[in-house]
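J.: Structure: entry-v5.txt, compact mmCIF, C-alpha atoms.
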```txt
# COMPACT_ATOMS: atom_id res chain seq x y z
CA TYR H 1 -2.16 -3.14 -27.79
CA LEU H 2 -2.71 0.62 -27.95
CA GLU H 3 -3.88 1.81 -24.56
CA ASP H 4 -4.08 5.58 -25.03
CA ALA H 5 -2.97 8.48 -27.21
CA PHE H 6 -2.53 12.18 -26.43
CA LEU H 7 -1.80 15.34 -28.37
CA TRP H 8 0.21 17.74 -26.20
CA MET H 9 0.47 21.46 -27.02
CA GLY H 10 2.27 24.02 -24.88
CA GLY H 11 3.70 27.50 -24.82
CA GLY H 12 7.01 26.45 -23.30
CA ASN H 13 8.60 26.38 -19.86
CA GLN H 14 6.34 23.61 -18.53
CA VAL H 15 7.71 20.83 -16.33
CA THR H 16 6.00 17.48 -15.85
CA PRO H 17 7.22 16.27 -12.44
CA VAL H 18 9.11 12.99 -12.22
CA HIS H 19 6.85 9.91 -12.41
CA PHE H 20 6.57 6.57 -14.14
CA ASP H 21 3.81 5.00 -16.22
CA ASN H 22 2.91 1.33 -16.30
CA SER H 23 2.74 1.33 -20.13
CA GLU H 24 5.28 1.52 -22.93
CA ASN H 25 5.44 5.08 -24.29
CA ILE H 26 6.34 6.52 -27.69
CA MET H 27 6.56 10.31 -28.02
CA CYS H 28 6.87 12.05 -31.39
CA MET H 29 7.80 15.74 -31.46
CA VAL H 30 5.88 17.65 -34.09
CA ALA H 31 7.19 21.14 -33.18
CA GLY H 32 9.42 22.68 -30.51
CA ARG H 33 11.59 20.66 -28.15
CA LYS H 34 11.48 18.81 -24.84
CA HIS H 35 14.19 17.80 -22.41
CA ILE H 36 13.65 14.40 -20.80
CA ARG H 37 15.47 13.13 -17.71
CA VAL H 38 15.13 9.35 -17.34
CA PHE H 39 15.83 7.03 -14.39
CA GLU H 40 15.80 3.25 -14.66
CA PRO H 41 13.42 1.34 -12.36
CA ALA H 42 16.34 0.34 -10.09
CA MET H 43 16.50 4.02 -8.99
CA SER H 44 12.97 3.91 -7.54
CA ASN H 45 14.00 3.94 -3.89
CA TYR H 46 16.04 7.11 -4.45
CA LEU H 47 13.06 8.97 -5.98
CA TYR H 48 10.66 8.82 -3.00
CA PRO H 49 7.63 7.21 -4.71
CA VAL H 50 4.03 8.14 -3.96
CA VAL H 51 1.11 6.02 -5.22
CA GLN H 52 -2.38 7.48 -5.28
CA ASN H 53 -4.22 4.49 -6.75
CA ARG H 54 -3.75 1.68 -9.23
CA HIS H 55 -5.02 3.75 -12.17
CA THR H 56 -2.61 6.67 -11.90
CA ALA H 57 1.09 7.03 -12.55
CA VAL H 58 3.45 6.64 -9.65
CA THR H 59 4.82 10.07 -8.73
CA SER H 60 7.53 11.31 -6.40
CA ARG H 61 7.44 13.40 -3.24
CA MET H 62 10.26 15.38 -4.88
CA LYS H 63 8.96 18.28 -6.94
CA ASN H 64 12.18 19.92 -8.17
CA LEU H 65 14.89 17.65 -9.56
CA SER H 66 16.87 20.61 -10.90
CA ASN H 67 17.47 21.92 -7.40
CA PRO H 68 16.74 19.00 -5.05
CA ASP H 69 16.41 19.41 -1.30
CA LEU H 70 19.02 16.86 -0.25
CA LYS H 71 18.28 17.43 3.43
CA ALA H 72 14.71 16.26 2.93
CA PHE H 73 15.59 13.69 0.24
CA PRO H 74 19.18 12.55 0.92
CA ASP H 75 18.95 9.30 -1.10
CA PHE H 76 18.36 11.28 -4.30
CA ALA H 77 22.12 11.92 -4.37
CA LYS H 78 22.53 8.20 -5.20
CA ALA H 79 20.22 8.32 -8.25
CA SER H 80 21.73 8.29 -11.71
CA SER H 81 19.89 9.37 -14.83
CA VAL H 82 20.18 9.83 -18.58
CA GLU H 83 19.13 13.08 -20.23
CA VAL H 84 18.04 13.69 -23.79
CA THR H 85 16.55 16.60 -25.73
CA ILE H 86 14.15 15.81 -28.54
CA GLU H 87 13.14 18.21 -31.30
CA ALA H 88 10.64 18.34 -34.15
CA GLY H 89 10.90 15.12 -36.16
CA ASP H 90 12.39 13.09 -33.29
CA MET H 91 10.77 10.03 -31.74
CA PHE H 92 11.49 8.86 -28.18
CA PHE H 93 10.70 5.42 -26.74
CA LEU H 94 10.27 5.11 -22.97
CA PRO H 95 9.86 1.64 -21.46
CA SER H 96 7.20 1.11 -18.85
CA TYR H 97 8.21 1.74 -15.24
CA TRP H 98 11.09 4.07 -16.17
CA TRP H 99 10.94 7.30 -14.19
CA HIS H 100 10.97 10.52 -16.22
CA GLU H 101 10.74 14.27 -15.83
CA VAL H 102 9.86 16.29 -18.94
CA THR H 103 10.62 19.97 -19.51
CA SER H 104 9.10 21.70 -22.54
CA TYR H 105 10.76 24.63 -24.26
CA ASP H 106 9.28 27.14 -26.70
CA ARG H 107 5.92 26.49 -28.29
CA ASN H 108 5.69 22.76 -28.74
CA ILE H 109 3.48 19.98 -30.05
CA ALA H 110 3.99 16.31 -29.29
CA VAL H 111 1.99 13.12 -29.77
CA ASN H 112 2.21 10.25 -27.28
CA TRP H 113 1.06 6.66 -27.63
CA TRP H 114 0.94 4.30 -24.65
CA PHE H 115 0.92 0.54 -25.17
CA ASN H 116 -0.03 -2.14 -22.66
CA THR H 117 2.96 -4.36 -21.89
CA HIS H 118 1.18 -7.59 -20.91
CA SER H 119 4.18 -8.36 -18.76
CA PHE H 120 3.63 -10.07 -15.42
CA VAL H 121 7.28 -9.44 -14.52
CA LEU H 122 7.03 -5.70 -15.17
CA ASP H 123 3.66 -5.48 -13.44
CA SER H 124 5.24 -6.94 -10.31
CA VAL H 125 7.50 -3.86 -10.21
CA TYR H 126 4.46 -1.60 -10.33
CA ASN H 127 2.51 -3.65 -7.81
CA GLN H 128 5.22 -3.27 -5.15
CA TRP H 129 4.21 0.39 -4.84
CA LEU H 130 0.49 -0.34 -4.31
```
Take the structure in the file and write it out as C-alpha cells.

T.:
Amino acid sequence: YLEDAFLWMGGGNQVTPVHFDNSENIMCMVAGRKHIRVFEPAMSNYLYPVVQNRHTAVTSRMKNLSNPDLKAFPDFAKASSVEVTIEAGDMFFLPSYWWHEVTSYDRNIAVNWWFNTHSFVLDSVYNQWL
C-alpha cells in the first residue's frame, strides 16, 4: 500500500547522502535531472551504517562518496555500485533496503512514492541494524 508521497523541488547541486529506506520507492522526474548511485543490500557492511531509530532511514557515517576517506573507511573500497542519471519524463524504481546517494543538477522537480513491502524477509534485513 502507499506509505508516503513527496514533491521535491530544488535549484541544483544538492546531494542526499547515502542511505536506505525500508519501503519500495518510485521516483518520477518532472523537470531537470538527478544522478543516483545505488548499492545492493549486500554492500551494507562496506557503507558504515548508522541507525537513529526505527522510524528513520538508515544512513552512513560516510558523508562524501565522491571523494571517500579510505583511511577512515577502508572497507568502502570493496563496495560496488550502479549509477544512473534520470531526466524529465524518466521513472526510477528503487527496491527497499537498497542504499542510494542522489545528486540533483539544475533546477529540478521530482515526485516520489513509497510503498510498504509487507515482507518479513526484507524487514529482517532492516531489523539487523536496530

J.: Find, counting only C-alpha atoms, the residue in H:Phe39, H:Trp8, H:Phe93, H:Tyr46 that gets nearest to Glu24 (chain H).

T.: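 Closest candidate: H:Phe93.
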
J.: Using CA of Thr117 (chain H) and CA of Leu94 (chain H) as the two end points, give the distance in Å to one decimal.

T.: 12.0 Å

J.: At what distance in Å, to one decimal, does CA of Ser104 (chain H) lie from CA of Arg33 (chain H)?

T.: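 One can read the CA of Arg33 (chain H) to CA of Ser104 (chain H) distance as 6.2 Å.
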
J.: CA of Trp98 (chain H) and CA of Pro41 (chain H), how far apart in Å?

T.: 5.2 Å

J.: Pick out the closest residue to Val102 (chain H) from this set: H:Gly11, H:Ala5, H:Val18, H:Asp69. Count all atoms listed in the file.

T.: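 Closest to Val102 (chain H) of all the choices is H:Val18.
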
J.: Might you pull out every residue within 12 Å of Asn64 (chain H), with only C-alpha atoms counted and same-chain residues fewer than 5 positions away left off, and present them as a list of chain:residue names?

T.: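 Counting only C-alpha atoms, the residues come to H:Val15, H:Thr16, H:Pro17, H:Val18, H:Leu47, H:Asp69, H:Leu70, H:Ala72, H:Phe73, H:Phe76, H:Glu101, H:Val102, H:Thr103.
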
J.: Using only C-alpha atoms, collect all residues at a distance of at most 10 Å from (12.3, 14.8, -29.3) as written in the file, then present them as a PyMOL selection string.

T.: chain H and resi 27-36+84-93+110

J.: Between H:Asn25, H:Arg37, H:Trp99, H:Ser81, which has the minimum distance to Val58 (chain H) (counting all atoms listed in the file)?

T.: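 Among the listed residues, H:Trp99 lies closest to Val58 (chain H).
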
J.: Could you check which of H:Val111, H:Met43, H:Tyr105, H:Glu83 is closest to Gly10 (chain H), using all atoms listed in the file?

T.: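 Counting all atoms listed in the file, the residue closest to Gly10 (chain H) is H:Tyr105.
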